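Inspection log for the structure reproduced underneath, given as structure tokens.
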There are 2 protein chains.
Amino acid sequence: MRKLAVLALGGNALIREGQSGTIEEQEQNVTDTLENILFLLEEDYHLVICHGNGPQVGNLLMKNDAGEYVYGLPQMPLDVCVADTQGEIGYMIERMMLNLLRKYKINKDVVTLVSQVEVDKDDPAFQDPQKRVGKTYNKEEADKLSGEKGWIFKEEVKTEGGWRRVVPSPLPKSIMNEDVIEVLARQGNIVITSGGGGIPVYIDEENRVRPTEAVIDKDMASSLLAAKIKADEFYILTDVPYVYINYKQPGEKKLDPLDVADAKKYLARGMFSEGSMAPKIKAAVQFVEKGGEKSVITEARLLKDKTYGTKIIAAYE
Amino acid sequence: MRKLAVLALGGNALIREGQSGTIEEQEQNVTDTLENILFLLEEDYHLVICHGNGPQVGNLLMKNDAGEYVYGLPQMPLDVCVADTQGEIGYMIERMMLNLLRKYKINKDVVTLVSQVEVDKDDPAFQDPQKRVGKTYNKEEADKLSGEKGWIFKEEVKTEGGWRRVVPSPLPKSIMNEDVIEVLARQGNIVITSGGGGIPVYIDEENRVRPTEAVIDKDMASSLLAAKIKADEFYILTDVPYVYINYKQPGEKKLDPLDVADAKKYLARGMFSEGSMAPKIKAAVQFVEKGGEKSVITEARLLKDKTYGTKIIAAYE
């Protein structure tokens with residue numbers, strides 16, 4: 001049976017540090033990233049591609065703000081903005097992938113699905129919103145928006161100051177249309193889905209699917225999807241070749257392989273940075289604990305040379 | 001064999017005349033429209049839903065403009081904006097449909113696909129851009145944008161004046177992923193696709209899929225899709241119960257049924273308004289000429305009572 005791999009592309013697959021995010025930059029970045037994963041098709045893998053949306057949804061939230069300010073246009077809520085970016089980024093990845101398939105004469109369809117991801121309304125994240133989204137406001141603007149829209153703000157202490165809106169980041173509970181995604185992928189289509197962690201929704205008391213203004217971690221959503229569709233391998237593509245402990249500090253140590261017990265021990269000790277590597281490790285561990293063969297965390301350009309990357313496995317041999 | 005119907009929802013299915021397009025308004029409008037088509041599921045039809053995006057892409061273009069003006073954010077090209085609205089509107093229709101299915105205990109999946117539609121770069125529309133998009137500018141602003149971005153402007157003579165960007169509206173040539181759409185629909189999934197007429201792309205000399213800044217008529221794209229996936233019936237849902245000749249003039253006459261020969265005769269004589277009913281008739285005719293059983297043009301709320309609506313058929317009996 002052919003193997004199924006789920007790949008989670010990080011924000012830097014689309015907009016790199018120091019770029020403003022013009023369409024030309026994004027297209028080139030996506031093409032570069034996809035070139036690096038084509039060998040998986042040569043090795044006969046079925047592929048599902050998930051992606052982040054941080055810079056794009058950030059830009060869209062600012063455009064929403066500017067559109068209200070300049071033209072009085074109604075702002076769209078965060079769930080709708082995530083849906084927008086799924087269309088935008090999904091299309092970009094789909095078209096760039098199609099062009100690579102055409103270039104290398106590989107006959108495959110690429111299908112992009114808009115994806116809702118269910119969260120639990122009782123998730124403790126809703127009591128403690130931590131995820132910063134949108135632009136930085138001054139105190140007066142933040143107070144005004146807080147009154148008008150009920151937004152919650154936190155001060156930016158580490159950076160240049162100001163106030164940013166915070167939203168909850170609940171755990172994904174289920175991926176809508178996971179059966180359709182699995183069937184499409186196993187039929188040989190490259191499926192792009194669960195962009196930006198998915199559009200966050202929950203089921204209310206009356207059994208309705210309701211939106212919620214939250215952000216789901218894209219690695220956690222991709223990892224859950226990978227487990228649900230019984231993928232064999234789960235790849236988190238980011239901007240470091242390996243996972244390290246004591247990263248850029250004395251005693252820095254590259255981890256490979258890393259088993260679930262060690263990963264949990266290091267997580268418990270806070271040895272991975274909270275905003276970046278810790279959620280990736282949690283996502284990698286989740287996949288293996290739910291039955292996946294291995295998770296791999298590395299850079300796209302190093303993927304083909306399989307000596308690179310931190311492989312997260314159930315237990316050392 | 002179960003029948004397959006393709007429905008094209010007009011702009012008023014989402015944002016009604018006089019509404020600014022808040023999310024609450026759009027959700028309510030979509031729910032009302034979808035309630036009216038549920039009987040097709042009771043009658044055991046497979047369903048594909050296409051939709052317009054006029055008001056939404058209009059708002060997004062203005063937000064792009066405001067985002068550049070206020071924050072210096074790069075504007076996204078028109079193809080990317082269409083992709084955004086496919087995510088946004090597709091998600092809205094998908095979630096509202098899911099809630100109706102849950103309410104009436106109908107067990108079906110709803111799948112939204114991001115859709116590229118291929119056009120011909122030699123389409124004469126590229127030599128004569130006519131489709132007005134985005135906000136109205138004054139002469140000075142229009143000249144500036146024309147120089148900076150190469151946009152083409154036309155004066156608004158019928159309305160309050162000012163200048164608007166015009167883009168080509170080429171004919172759709174093929175719908176990407178039409179096979180996947182057909183399979184998903186015939187497996188019993190409700191498929192939402194080809195939003196806003198599809199993201200316009202063309203194949204260049206080097207066999208690459210390239211974007212183009214154009215708008216494809218949503219009824220022509222839906223009709224082509226309906227023919228390609230061998231749908232039995234094609235429904236264009238709009239804001240009049242029937243198609244008329246001499247609409248709101250002396251000699252007004254309701255048309256039903258309307259055969260292809262008569263439809264073409266009236267089209268040739270300019271008896272349908274160019275910006276609204278003529279493209280719908282062309283789309284309805286295209287579907288029947290390509291082998292479809294019938295096209296129907298009417299209001300969503302009148303669909304269930306099958307005495308309403310203009311049925312376009314190959315030939316009178």
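Residue names in the structure tokens use chain letters A, B, ... in the order shown, residue numbers from 1 in each chain, and ligand numbers from 1 in the order shown.
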Compute the set of chain B residues within 6 Å of chain A, using only C-alpha atoms, and express it as a count of residues only. 16
Per DSSP on the backbone, filter range 32-173 of chain B down to the residues in helix (DSSP H, G or I) and report them as an MDAnalysis selection string. chainID B and resid 32:35 39:42 54:71 78:103 124:127 139:149
Excluding same-chain residues fewer than 3 positions from range 240-244 of chain B, what lies within 12 Å of it counting only C-alpha atoms, as number ranges by chain? B: 10, 12, 236-237, 247-258, 263, 266-267, 271-273, 276-278, 280-281, 284, 295-303, 305-312
Filtering to C-alpha atoms, could you give me those residues as a short mmCIF file (atom, residue, chain, number, x, y, z; two decimals), in the first residue's frame?
```
data_model
loop_
_atom_site.label_atom_id
_atom_site.label_comp_id
_atom_site.auth_asym_id
_atom_site.auth_seq_id
_atom_site.Cartn_x
_atom_site.Cartn_y
_atom_site.Cartn_z
CA GLY B 10 -26.77 35.25 -7.50
CA ASN B 12 -28.56 38.70 -3.75
CA ILE B 236 -29.85 30.20 -12.15
CA LEU B 237 -31.30 31.76 -9.01
CA TYR B 247 -39.26 43.92 -19.16
CA LYS B 248 -41.07 46.78 -17.35
CA GLN B 249 -42.05 48.24 -20.74
CA PRO B 250 -45.18 48.16 -22.91
CA GLY B 251 -45.59 44.69 -24.33
CA GLU B 252 -43.85 42.99 -21.40
CA LYS B 253 -44.15 39.25 -21.90
CA LYS B 254 -43.22 36.42 -19.57
CA LEU B 255 -41.28 33.62 -21.28
CA ASP B 256 -41.91 30.01 -20.29
CA PRO B 257 -40.89 27.67 -21.73
CA LEU B 258 -38.23 29.21 -23.92
CA ALA B 263 -33.65 32.56 -26.90
CA TYR B 266 -34.22 37.51 -28.67
CA LEU B 267 -30.53 37.72 -27.72
CA MET B 271 -34.14 42.08 -26.04
CA PHE B 272 -32.48 41.18 -22.72
CA SER B 273 -30.50 43.72 -20.68
CA SER B 276 -27.99 41.31 -16.16
CA MET B 277 -30.39 39.01 -18.04
CA ALA B 278 -28.51 38.53 -21.33
CA LYS B 280 -27.97 34.44 -17.80
CA ILE B 281 -29.82 33.52 -21.00
CA ALA B 284 -28.82 28.78 -19.86
CA SER B 295 -32.00 25.33 -17.51
CA VAL B 296 -34.30 27.20 -15.13
CA ILE B 297 -34.13 30.90 -14.28
CA THR B 298 -36.18 32.06 -11.28
CA GLU B 299 -36.18 33.20 -7.65
CA ALA B 300 -34.97 30.76 -5.00
CA ARG B 301 -38.22 31.13 -3.01
CA LEU B 302 -40.31 30.08 -6.03
CA LEU B 303 -38.21 27.09 -7.02
CA ASP B 305 -43.43 25.39 -6.77
CA LYS B 306 -42.42 24.18 -10.18
CA THR B 307 -45.03 26.24 -12.03
CA TYR B 308 -42.74 29.28 -11.65
CA GLY B 309 -39.55 30.01 -13.52
CA THR B 310 -38.47 30.20 -17.14
CA LYS B 311 -37.49 26.76 -18.35
CA ILE B 312 -34.98 26.90 -21.22
#
```
Those in range 141-215 of chain A with strand (DSSP E or B) from DSSP, as a ChimeraX atom specification: /A:152-155,163-167,172-175,190-192,199-203,209-211
Spatial neighbours of Tyr45 in chain A, max dist 7 Å, only C-alpha atoms, sep filter under 5 positions, as number ranges by chain: A: 2-5, 40
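With only C-alpha atoms as the atoms that count, the minimum distance from Phe126 in chain B to the choices B:Asp262, B:Glu205, B:Glu274, B:Glu213 is reached by B:Glu213.
Here CA of Lys121 in chain A and CA of Tyr202 in chain A stand 6.2 Å from one another.
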Spatial neighbours of Ala214 in chain B, max dist 6 Å, only C-alpha atoms, sep filter under 3 positions, as a compact mmCIF listing (two decimals) with all heavy atoms, in the first residue's frame:
```
# COMPACT_ATOMS: atom_id res chain seq x y z
N VAL B 167 -11.90 45.61 -16.20
CA VAL B 167 -11.07 44.43 -16.50
C VAL B 167 -11.81 43.60 -17.55
O VAL B 167 -13.01 43.73 -17.72
CB VAL B 167 -10.78 43.59 -15.23
CG1 VAL B 167 -9.96 44.37 -14.22
CG2 VAL B 167 -12.07 43.06 -14.61
N PRO B 168 -11.09 42.74 -18.24
CA PRO B 168 -11.74 41.89 -19.25
C PRO B 168 -12.66 40.85 -18.60
O PRO B 168 -12.41 40.44 -17.47
CB PRO B 168 -10.57 41.18 -19.94
CG PRO B 168 -9.33 41.85 -19.46
CD PRO B 168 -9.64 42.50 -18.17
N SER B 169 -13.67 40.44 -19.33
CA SER B 169 -14.53 39.35 -18.86
C SER B 169 -14.55 38.25 -19.93
O SER B 169 -15.51 38.10 -20.68
CB SER B 169 -15.93 39.87 -18.58
OG SER B 169 -16.70 38.85 -17.98
```
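In this structure, CA of Asp128 in chain B sits 28.9 Å away from CA of Asp239 in chain B.
Coordinates place CA of Ser222 in chain B at a distance of 6.8 Å from CA of Ser194 in chain B.
For the residues B:Ala13, B:Leu41, B:Leu34, B:Val48, ranking by smallest atom-to-atom distance to Ile190 in chain B using only C-alpha atoms places B:Val48 first.
In terms of minimum interatomic distance to Ala125 in chain A, A:Val215 ranks closest within A:Glu182, A:Gly150, A:Val215, A:Gly54, counting only C-alpha atoms.
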Looking at A:Val133, A:Asn138, A:Val57, A:Lys304, which one is nearest to Glu35 in chain A, with distances taken over only C-alpha atoms? A:Lys304
Please list as number ranges by chain every residue within 7 Å of Ala221 in chain B, counting only C-alpha atoms and excluding residues in the same chain fewer than 5 positions away. B: 172, 197, 216
